[in-house]
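Colleague: Sending over a structure as structure tokens; questions will come in a sec.
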Amino acid sequence: MTTFEDILDEAGKFGRCQMRIVSIFCLVSIPFSFVYVGIVFQGFTPEHWCRDPGVSEIRERCSWSLQDARRATVPLMNSSTGVTYSQCQKLDMDWNATGLTCDNPENEFIQAQLSTLPMTVCSDGWEYDYEGRQSFVTEFDLVCDDAWYVDMFQATLGVGFLVGSIAIGYLADKYGRMKTFLMTNFFIGVTGILVATSPNYIALLVFRVLFGFGVKGGWMVGYVLITELVGVEYRRMVGVAYQLFFSLGILILPLLAYFIPNWRWLQVVFTIPYICFLTYYWFIPESPRWLLSQNKRSEAVEITKAIAKENKKTLSKIIETMTDENTGSTSTASFTDLFKTSKLRKFTFILSYNWFTSAVVYQGLIMRLGILGGNVYVDFLISGIVELPAAFLILFTIERIGRRLPFATANFVAGAACLITAFIPDSMFWLKSAVACVGRLGITMAFEMVVFVNTELYPTVIRNLGVSVCSTLCDIGGIVAPFLLYRLSVIWLELPLIIFGALAFVAGGLVLLLPETKGLPLPETIDDIECPNRNKENQLKSQQLENLLPSDVTSNKEVTAV
């Protein structure tokens, strides 16, 4: 019987057809990056202070700018970032009765006088130094006591990712890759528009969960489909390319955010590509591997013939005997298998921790750009450029050095960069930014490497289950990251970096406990994990035995085997 992998030898393992499909599907990663880190712009918190009706009247009468009014009427206070204008309290006084004049407002009250006056809470909303732009923070006044609601915007996305990756993965296995991909993108289009038109913040969070449910699941279906259409030796390359387009999306995002100042319209732009992906119905075939697994052999044969035709290849008659390569496999993986032996327990713990750490540090470093106070568009673009070499460094090192050392080094570099950045003074701005960018490069490499290291360590019988279970920690990390960053930065702006550095260092140390997989065949059974040398010894003994046998016996053995 012939498997699809055998047919690919004739049809082309990575021909013109696969190149076209992979190129088209890589575009899915671009809007995924928009959704993943769009909070930096959609949820940007600008400089703000209490709105006072009395001050507003004076500002309008005197034609003052917002900055003029702030300097004249807002006291300075100590905070975790130093001395800043008060953001959550205002002076408890009637400004119309103070005799404040329009001339030279900065000299009317000195800061020493303002600091001695009674204070009260912001009862009339806030003023924002964000003229001409609007984030959901400025629209819903999510500052001061309500600032933690911003964390929920990213956390709810993580919840949607977590549930969606499991549910949509199940649907893709049951109903097909393309059918699920198309249904998911229709769902994303609807929920994305609902996010953009949310009447209040509670509705926004609900729609955000549903939006995340579709986005992550659809992205994973695309990843599975392109890897199923190419030969085994090309899977790692197309996987890295798929993630490379994610980094390309990171570069495009700040440009979109700069020219689209309203968070609702930015959300619409994030959603439009998913509606466009519905046109893939006419360009992308169903996965022949999935069709074979569902006993739809005739459809699989037709699609395979179309692939061969586009690749300008000729198929032999063996295609008529093509069957599912997993036919006859009756073993069912269970969750407990991931903890069945000591080595599997070690693999599961270390890989789960690395998925979690990669998500927390990666998201944390990106979201941190929104609270540093610099030019968020330029800072985001520069840090995004740093991501691009990650994929090339991975491809360059994994076949020359191996997996374990580059994987561990990437985590160590990220951890060291986070810790060093935390203690570089703000006066050394460019050095601080450069070291932070190195950390971003390191964690990007670690994030991309954990994907295929995870697949190489688990045996075939539990490989999909192992990747699914371990990668759920990535989504849990995405839920934790915003709370870790935004709440700890209130105490000390650099405190999250200390936490990120510690997490990454531990992750790097744990990676060194994993075995090297470079040049080794993928394990098939759990026994291959516990006794990795057994197959090698058996193969060596078999070869030695054949060398001792007479040539006629050996030839008879070969004929019998055929």
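In the structure tokens, chains take letters A, B, ... by order of appearance, with residues numbered from 1 within each chain and ligands from 1 in the order shown.
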Mind checking DSSP for region 53-86 of chain A and telling me the strand (DSSP E) residues as a VMD selection string?
Modeller: chain A and resid 76 to 79 82 to 85
Colleague: Using N, CA, C and O atoms, can you write the selected residues to a file as a PDB file, in the first residue's frame?
Modeller:
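Output (selection.pdb):
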ATOM      1  N   LEU A  76       2.424  68.769  41.181  1.00  0.00           N
ATOM      2  CA  LEU A  76       3.366  67.672  40.976  1.00  0.00           C
ATOM      3  C   LEU A  76       3.317  66.717  42.157  1.00  0.00           C
ATOM      4  O   LEU A  76       3.110  67.134  43.298  1.00  0.00           O
ATOM      5  N   MET A  77       3.515  65.420  41.875  1.00  0.00           N
ATOM      6  CA  MET A  77       3.489  64.400  42.923  1.00  0.00           C
ATOM      7  C   MET A  77       4.569  63.365  42.641  1.00  0.00           C
ATOM      8  O   MET A  77       4.998  63.177  41.504  1.00  0.00           O
ATOM      9  N   ASN A  78       5.008  62.683  43.689  1.00  0.00           N
ATOM     10  CA  ASN A  78       5.993  61.604  43.543  1.00  0.00           C
ATOM     11  C   ASN A  78       5.289  60.329  43.076  1.00  0.00           C
ATOM     12  O   ASN A  78       4.190  59.999  43.529  1.00  0.00           O
ATOM     13  N   SER A  79       5.943  59.603  42.148  1.00  0.00           N
ATOM     14  CA  SER A  79       5.400  58.335  41.656  1.00  0.00           C
ATOM     15  C   SER A  79       6.547  57.370  41.427  1.00  0.00           C
ATOM     16  O   SER A  79       7.713  57.697  41.656  1.00  0.00           O
ATOM     17  N   GLY A  82       9.145  58.759  39.160  1.00  0.00           N
ATOM     18  CA  GLY A  82       9.738  60.048  39.528  1.00  0.00           C
ATOM     19  C   GLY A  82       8.670  61.070  39.846  1.00  0.00           C
ATOM     20  O   GLY A  82       7.526  60.730  40.178  1.00  0.00           O
ATOM     21  N   VAL A  83       9.012  62.345  39.735  1.00  0.00           N
ATOM     22  CA  VAL A  83       8.068  63.424  40.006  1.00  0.00           C
ATOM     23  C   VAL A  83       7.262  63.702  38.738  1.00  0.00           C
ATOM     24  O   VAL A  83       7.822  64.018  37.687  1.00  0.00           O
ATOM     25  N   THR A  84       5.945  63.556  38.826  1.00  0.00           N
ATOM     26  CA  THR A  84       5.064  63.775  37.678  1.00  0.00           C
ATOM     27  C   THR A  84       3.846  64.572  38.107  1.00  0.00           C
ATOM     28  O   THR A  84       3.571  64.727  39.298  1.00  0.00           O
ATOM     29  N   TYR A  85       3.104  65.063  37.130  1.00  0.00           N
ATOM     30  CA  TYR A  85       1.856  65.756  37.427  1.00  0.00           C
ATOM     31  C   TYR A  85       0.831  64.751  37.958  1.00  0.00           C
ATOM     32  O   TYR A  85       0.769  63.599  37.519  1.00  0.00           O
TER      33      TYR A  85
END
Colleague: Fewer than 3 positions away in the same chain doesn't count, so skip those; otherwise give me all residues within 9 Å of region 218-224 of chain A, counting only C-alpha atoms, as number ranges by chain.
Modeller: A: 25-26, 28-29, 32, 164-165, 168-169, 172, 177-178, 180-182, 184-185, 188, 213-215, 227-229, 238-239, 242
Colleague: Please produce an output containing N, CA, C and O atoms for each residue in the selection, written as an mmCIF file, in the first residue's frame.
Modeller:
data_model
loop_
_atom_site.group_PDB
_atom_site.id
_atom_site.type_symbol
_atom_site.label_atom_id
_atom_site.label_comp_id
_atom_site.auth_asym_id
_atom_site.auth_seq_id
_atom_site.Cartn_x
_atom_site.Cartn_y
_atom_site.Cartn_z
ATOM 1 N N PHE A 25 -0.878 31.204 2.366
ATOM 2 C CA PHE A 25 -1.263 30.975 3.761
ATOM 3 C C PHE A 25 -0.371 31.724 4.739
ATOM 4 O O PHE A 25 -0.797 32.012 5.866
ATOM 5 N N CYS A 26 0.854 32.037 4.368
ATOM 6 C CA CYS A 26 1.709 32.814 5.269
ATOM 7 C C CYS A 26 1.107 34.187 5.569
ATOM 8 O O CYS A 26 1.395 34.780 6.617
ATOM 9 N N VAL A 28 -1.739 34.762 6.509
ATOM 10 C CA VAL A 28 -2.600 34.641 7.687
ATOM 11 C C VAL A 28 -1.868 35.094 8.946
ATOM 12 O O VAL A 28 -2.489 35.594 9.894
ATOM 13 N N SER A 29 -0.554 34.947 8.967
ATOM 14 C CA SER A 29 0.216 35.318 10.155
ATOM 15 C C SER A 29 0.292 36.826 10.362
ATOM 16 O O SER A 29 0.536 37.290 11.476
ATOM 17 N N PHE A 32 -2.702 38.109 12.317
ATOM 18 C CA PHE A 32 -2.619 37.467 13.632
ATOM 19 C C PHE A 32 -1.704 38.267 14.560
ATOM 20 O O PHE A 32 -1.984 38.427 15.747
ATOM 21 N N GLY A 164 -10.226 28.437 21.884
ATOM 22 C CA GLY A 164 -10.346 28.308 20.437
ATOM 23 C C GLY A 164 -9.358 27.335 19.829
ATOM 24 O O GLY A 164 -9.706 26.583 18.907
ATOM 25 N N SER A 165 -8.120 27.331 20.320
ATOM 26 C CA SER A 165 -7.123 26.432 19.746
ATOM 27 C C SER A 165 -7.508 24.973 19.959
ATOM 28 O O SER A 165 -7.230 24.118 19.103
ATOM 29 N N ILE A 168 -11.321 24.522 17.871
ATOM 30 C CA ILE A 168 -11.204 24.583 16.409
ATOM 31 C C ILE A 168 -10.272 23.490 15.908
ATOM 32 O O ILE A 168 -10.454 22.967 14.798
ATOM 33 N N GLY A 169 -9.279 23.113 16.706
ATOM 34 C CA GLY A 169 -8.440 21.976 16.338
ATOM 35 C C GLY A 169 -9.260 20.703 16.207
ATOM 36 O O GLY A 169 -9.065 19.905 15.287
ATOM 37 N N ALA A 172 -11.314 20.921 13.021
ATOM 38 C CA ALA A 172 -10.485 20.703 11.833
ATOM 39 C C ALA A 172 -10.220 19.220 11.615
ATOM 40 O O ALA A 172 -10.147 18.761 10.472
ATOM 41 N N ARG A 177 -9.728 20.592 7.102
ATOM 42 C CA ARG A 177 -8.920 21.794 7.346
ATOM 43 C C ARG A 177 -9.532 23.025 6.691
ATOM 44 O O ARG A 177 -9.735 24.054 7.333
ATOM 45 N N MET A 178 -9.823 22.942 5.399
ATOM 46 C CA MET A 178 -10.300 24.114 4.679
ATOM 47 C C MET A 178 -11.707 24.527 5.102
ATOM 48 O O MET A 178 -11.998 25.718 5.241
ATOM 49 N N THR A 180 -13.100 24.115 7.976
ATOM 50 C CA THR A 180 -12.991 24.756 9.297
ATOM 51 C C THR A 180 -12.336 26.125 9.184
ATOM 52 O O THR A 180 -12.770 27.087 9.834
ATOM 53 N N PHE A 181 -11.307 26.228 8.334
ATOM 54 C CA PHE A 181 -10.627 27.514 8.150
ATOM 55 C C PHE A 181 -11.594 28.573 7.626
ATOM 56 O O PHE A 181 -11.611 29.716 8.112
ATOM 57 N N LEU A 182 -12.412 28.216 6.666
ATOM 58 C CA LEU A 182 -13.351 29.174 6.081
ATOM 59 C C LEU A 182 -14.432 29.568 7.078
ATOM 60 O O LEU A 182 -14.774 30.759 7.214
ATOM 61 N N THR A 184 -14.188 29.508 10.285
ATOM 62 C CA THR A 184 -13.531 30.290 11.329
ATOM 63 C C THR A 184 -13.325 31.732 10.893
ATOM 64 O O THR A 184 -13.560 32.664 11.669
ATOM 65 N N ASN A 185 -12.931 31.937 9.639
ATOM 66 C CA ASN A 185 -12.700 33.300 9.166
ATOM 67 C C ASN A 185 -13.991 34.088 9.032
ATOM 68 O O ASN A 185 -14.003 35.301 9.258
ATOM 69 N N ILE A 188 -14.609 35.114 12.540
ATOM 70 C CA ILE A 188 -13.701 36.194 12.923
ATOM 71 C C ILE A 188 -14.186 37.518 12.347
ATOM 72 O O ILE A 188 -14.145 38.561 13.018
ATOM 73 N N PHE A 213 -11.095 33.566 20.092
ATOM 74 C CA PHE A 213 -11.465 32.164 19.877
ATOM 75 C C PHE A 213 -11.228 31.768 18.427
ATOM 76 O O PHE A 213 -10.671 30.706 18.133
ATOM 77 N N GLY A 214 -11.633 32.639 17.504
ATOM 78 C CA GLY A 214 -11.470 32.312 16.101
ATOM 79 C C GLY A 214 -10.070 32.542 15.572
ATOM 80 O O GLY A 214 -9.552 31.746 14.787
ATOM 81 N N VAL A 215 -9.426 33.632 16.004
ATOM 82 C CA VAL A 215 -8.135 34.029 15.435
ATOM 83 C C VAL A 215 -7.057 32.976 15.659
ATOM 84 O O VAL A 215 -6.367 32.563 14.725
ATOM 85 N N THR A 227 1.829 22.332 6.476
ATOM 86 C CA THR A 227 2.806 21.283 6.801
ATOM 87 C C THR A 227 2.358 19.923 6.285
ATOM 88 O O THR A 227 3.193 19.048 6.032
ATOM 89 N N GLU A 228 1.045 19.740 6.102
ATOM 90 C CA GLU A 228 0.545 18.474 5.583
ATOM 91 C C GLU A 228 0.693 18.366 4.063
ATOM 92 O O GLU A 228 0.640 17.267 3.508
ATOM 93 N N LEU A 229 0.885 19.483 3.385
ATOM 94 C CA LEU A 229 0.958 19.470 1.933
ATOM 95 C C LEU A 229 2.384 19.329 1.401
ATOM 96 O O LEU A 229 2.575 19.146 0.204
ATOM 97 N N VAL A 238 8.828 25.549 6.160
ATOM 98 C CA VAL A 238 7.569 26.272 5.976
ATOM 99 C C VAL A 238 7.024 26.746 7.323
ATOM 100 O O VAL A 238 6.368 27.794 7.396
ATOM 101 N N GLY A 239 7.308 26.000 8.393
ATOM 102 C CA GLY A 239 6.887 26.441 9.720
ATOM 103 C C GLY A 239 7.582 27.718 10.142
ATOM 104 O O GLY A 239 6.953 28.640 10.673
ATOM 105 N N TYR A 242 6.212 30.580 8.102
ATOM 106 C CA TYR A 242 4.888 30.967 8.619
ATOM 107 C C TYR A 242 5.040 31.926 9.796
ATOM 108 O O TYR A 242 4.317 32.922 9.896
#
Colleague: Show me a table, sorted first by chain and then by increasing residue number, of the residues of region 414-501 of chain A having an atom at most 10 Å from region 521-532 of chain A, each with its shortest atom pair and the distance in Å to one decimal, counting only C-alpha atoms and written as a tab-separated table.
Modeller:
residue	atom	partner	partner_atom	distance
A:Thr455	CA	A:Leu522	CA	8.6
A:Glu456	CA	A:Leu522	CA	6.0
A:Leu457	CA	A:Pro523	CA	7.4
A:Tyr458	CA	A:Pro523	CA	6.8
A:Pro459	CA	A:Pro523	CA	4.5
A:Thr460	CA	A:Glu524	CA	4.7
A:Val461	CA	A:Thr525	CA	6.2
A:Ile462	CA	A:Thr525	CA	8.4
A:Arg463	CA	A:Glu524	CA	9.2
Colleague: With N, CA and C atoms retained, write the just-selected residues as a PDB file, in the first residue's frame.
Modeller:
ATOM      1  N   THR A 455       7.855  19.101  19.085  1.00  0.00           N
ATOM      2  CA  THR A 455       7.448  18.003  18.200  1.00  0.00           C
ATOM      3  C   THR A 455       8.508  16.923  18.096  1.00  0.00           C
ATOM      4  N   GLU A 456       9.775  17.277  18.252  1.00  0.00           N
ATOM      5  CA  GLU A 456      10.856  16.295  18.093  1.00  0.00           C
ATOM      6  C   GLU A 456      11.078  15.440  19.331  1.00  0.00           C
ATOM      7  N   LEU A 457      10.649  15.895  20.482  1.00  0.00           N
ATOM      8  CA  LEU A 457      10.913  15.155  21.717  1.00  0.00           C
ATOM      9  C   LEU A 457       9.871  14.086  22.005  1.00  0.00           C
ATOM     10  N   TYR A 458       8.623  14.324  21.615  1.00  0.00           N
ATOM     11  CA  TYR A 458       7.569  13.358  21.927  1.00  0.00           C
ATOM     12  C   TYR A 458       7.483  12.280  20.849  1.00  0.00           C
ATOM     13  N   PRO A 459       7.153  11.036  21.232  1.00  0.00           N
ATOM     14  CA  PRO A 459       6.986   9.964  20.243  1.00  0.00           C
ATOM     15  C   PRO A 459       5.721  10.168  19.422  1.00  0.00           C
ATOM     16  N   THR A 460       5.657   9.495  18.296  1.00  0.00           N
ATOM     17  CA  THR A 460       4.549   9.672  17.367  1.00  0.00           C
ATOM     18  C   THR A 460       3.190   9.434  18.014  1.00  0.00           C
ATOM     19  N   VAL A 461       3.104   8.434  18.873  1.00  0.00           N
ATOM     20  CA  VAL A 461       1.803   8.049  19.435  1.00  0.00           C
ATOM     21  C   VAL A 461       1.186   9.139  20.300  1.00  0.00           C
ATOM     22  N   ILE A 462       2.001  10.061  20.848  1.00  0.00           N
ATOM     23  CA  ILE A 462       1.448  11.125  21.691  1.00  0.00           C
ATOM     24  C   ILE A 462       1.973  12.502  21.263  1.00  0.00           C
ATOM     25  N   ARG A 463       2.493  12.612  20.035  1.00  0.00           N
ATOM     26  CA  ARG A 463       3.131  13.874  19.616  1.00  0.00           C
ATOM     27  C   ARG A 463       2.114  15.013  19.543  1.00  0.00           C
TER      28      ARG A 463
END
Colleague: Kindly provide the residues of region 313-402 of chain A that approach region 440-453 of chain A to within 6 Å, each paired with its closest atom pair and their distance in Å to one decimal, based on only C-alpha atoms, listed by chain and increasing number, as a Markdown table.
Modeller:
| residue | atom | partner | partner_atom | distance |
| --- | --- | --- | --- | --- |
| A:Ser358 | CA | A:Phe447 | CA | 5.2 |
| A:Val386 | CA | A:Leu441 | CA | 5.9 |
| A:Glu387 | CA | A:Leu441 | CA | 5.4 |
| A:Ala390 | CA | A:Met445 | CA | 5.2 |
Colleague: Residues near Asp9 (chain A), anyone? I mean within 10 Å using only C-alpha atoms, not counting same-chain ones fewer than 6 positions away, as an mmCIF file with all heavy atoms, in the first residue's frame.
Modeller:
data_model
loop_
_atom_site.group_PDB
_atom_site.id
_atom_site.type_symbol
_atom_site.label_atom_id
_atom_site.label_comp_id
_atom_site.auth_asym_id
_atom_site.auth_seq_id
_atom_site.Cartn_x
_atom_site.Cartn_y
_atom_site.Cartn_z
ATOM 1 N N GLY A 231 6.606 17.791 1.811
ATOM 2 C CA GLY A 231 7.360 16.657 2.301
ATOM 3 C C GLY A 231 7.901 16.890 3.695
ATOM 4 O O GLY A 231 8.045 18.044 4.131
ATOM 5 N N LYS A 313 4.586 17.414 -12.864
ATOM 6 C CA LYS A 313 5.101 16.079 -12.587
ATOM 7 C C LYS A 313 4.116 15.035 -13.128
ATOM 8 O O LYS A 313 2.917 15.309 -13.298
ATOM 9 C CB LYS A 313 5.294 15.868 -11.089
ATOM 10 C CG LYS A 313 6.270 16.836 -10.435
ATOM 11 C CD LYS A 313 7.699 16.485 -10.755
ATOM 12 C CE LYS A 313 8.665 17.369 -9.971
ATOM 13 N NZ LYS A 313 10.082 17.003 -10.219
ATOM 14 N N LEU A 315 2.466 11.253 -12.476
ATOM 15 C CA LEU A 315 2.252 10.225 -11.458
ATOM 16 C C LEU A 315 2.144 8.846 -12.103
ATOM 17 O O LEU A 315 1.568 8.695 -13.186
ATOM 18 C CB LEU A 315 0.969 10.522 -10.671
ATOM 19 C CG LEU A 315 0.956 11.801 -9.827
ATOM 20 C CD1 LEU A 315 -0.414 11.997 -9.196
ATOM 21 C CD2 LEU A 315 2.030 11.751 -8.760
#
Colleague: One decimal, Å: what's the distance from CA of Leu253 (chain A) over to CA of Gly43 (chain A), could you say?
Modeller: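 Separating CA of Leu253 (chain A) from CA of Gly43 (chain A) is a distance of 13.9 Å.
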Colleague: With DSSP run on the backbone, what are the helix (DSSP H, G or I) residues within region 336-552 of chain A? I'd like them as an MDAnalysis selection string.
Modeller: chainID A and resid 336:339 342:371 376:398 404:423 429:457 460:491 495:511 526:530 534:548 551:552
Colleague: Just checking: using only C-alpha atoms, which residue out of A:Ile260, A:Leu162, A:Ala241, A:Ile39 ends up closest to Arg368 (chain A)?
Modeller: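 Distance minimum relative to Arg368 (chain A) lands on A:Ile39.
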Colleague: Need the shell around Arg20 (chain A): protein/DNA/RNA residues with any atom at most 12 Å away, counting only C-alpha atoms. Skip same-chain ones fewer than 6 positions apart. Format as a list in words?
Modeller: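 Residues meeting the cut-off are Phe14, Cys26, Leu27, Ile226, Leu229, Val230, Val238, Tyr280, Phe283, Ile284, Pro285, Ile307, Glu310 and Asn311 of chain A.
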Colleague: For Trp95 (chain A), list every protein, DNA or RNA residue within 10 Å, evaluated using only C-alpha atoms, and leave out those in the same chain fewer than 4 positions away; present the list as a list in words.
Modeller: Asp52, Pro53, Gly54, Val55, Ser56, Glu57, Ile58, Thr73, Leu91, Gly99 and Leu100 of chain A
Colleague: Name the residues in contact with Asp141 (chain A) at a cut-off of 10 Å, using only C-alpha atoms, excluding same-chain residues fewer than 4 positions from it; report them as a ChimeraX atom specification.
Modeller: /A:45,48,125-128,135-137,146-147
Colleague: Determine, counting only C-alpha atoms, which protein, DNA and RNA residues have an atom within 12 Å of an atom of Leu465 (chain A); residues of the same chain fewer than 6 positions away are not included. Present the result as a PyMOL selection string.
Modeller: chain A and resi 166+169-170+332-338+348+454-455+458-459+471-472
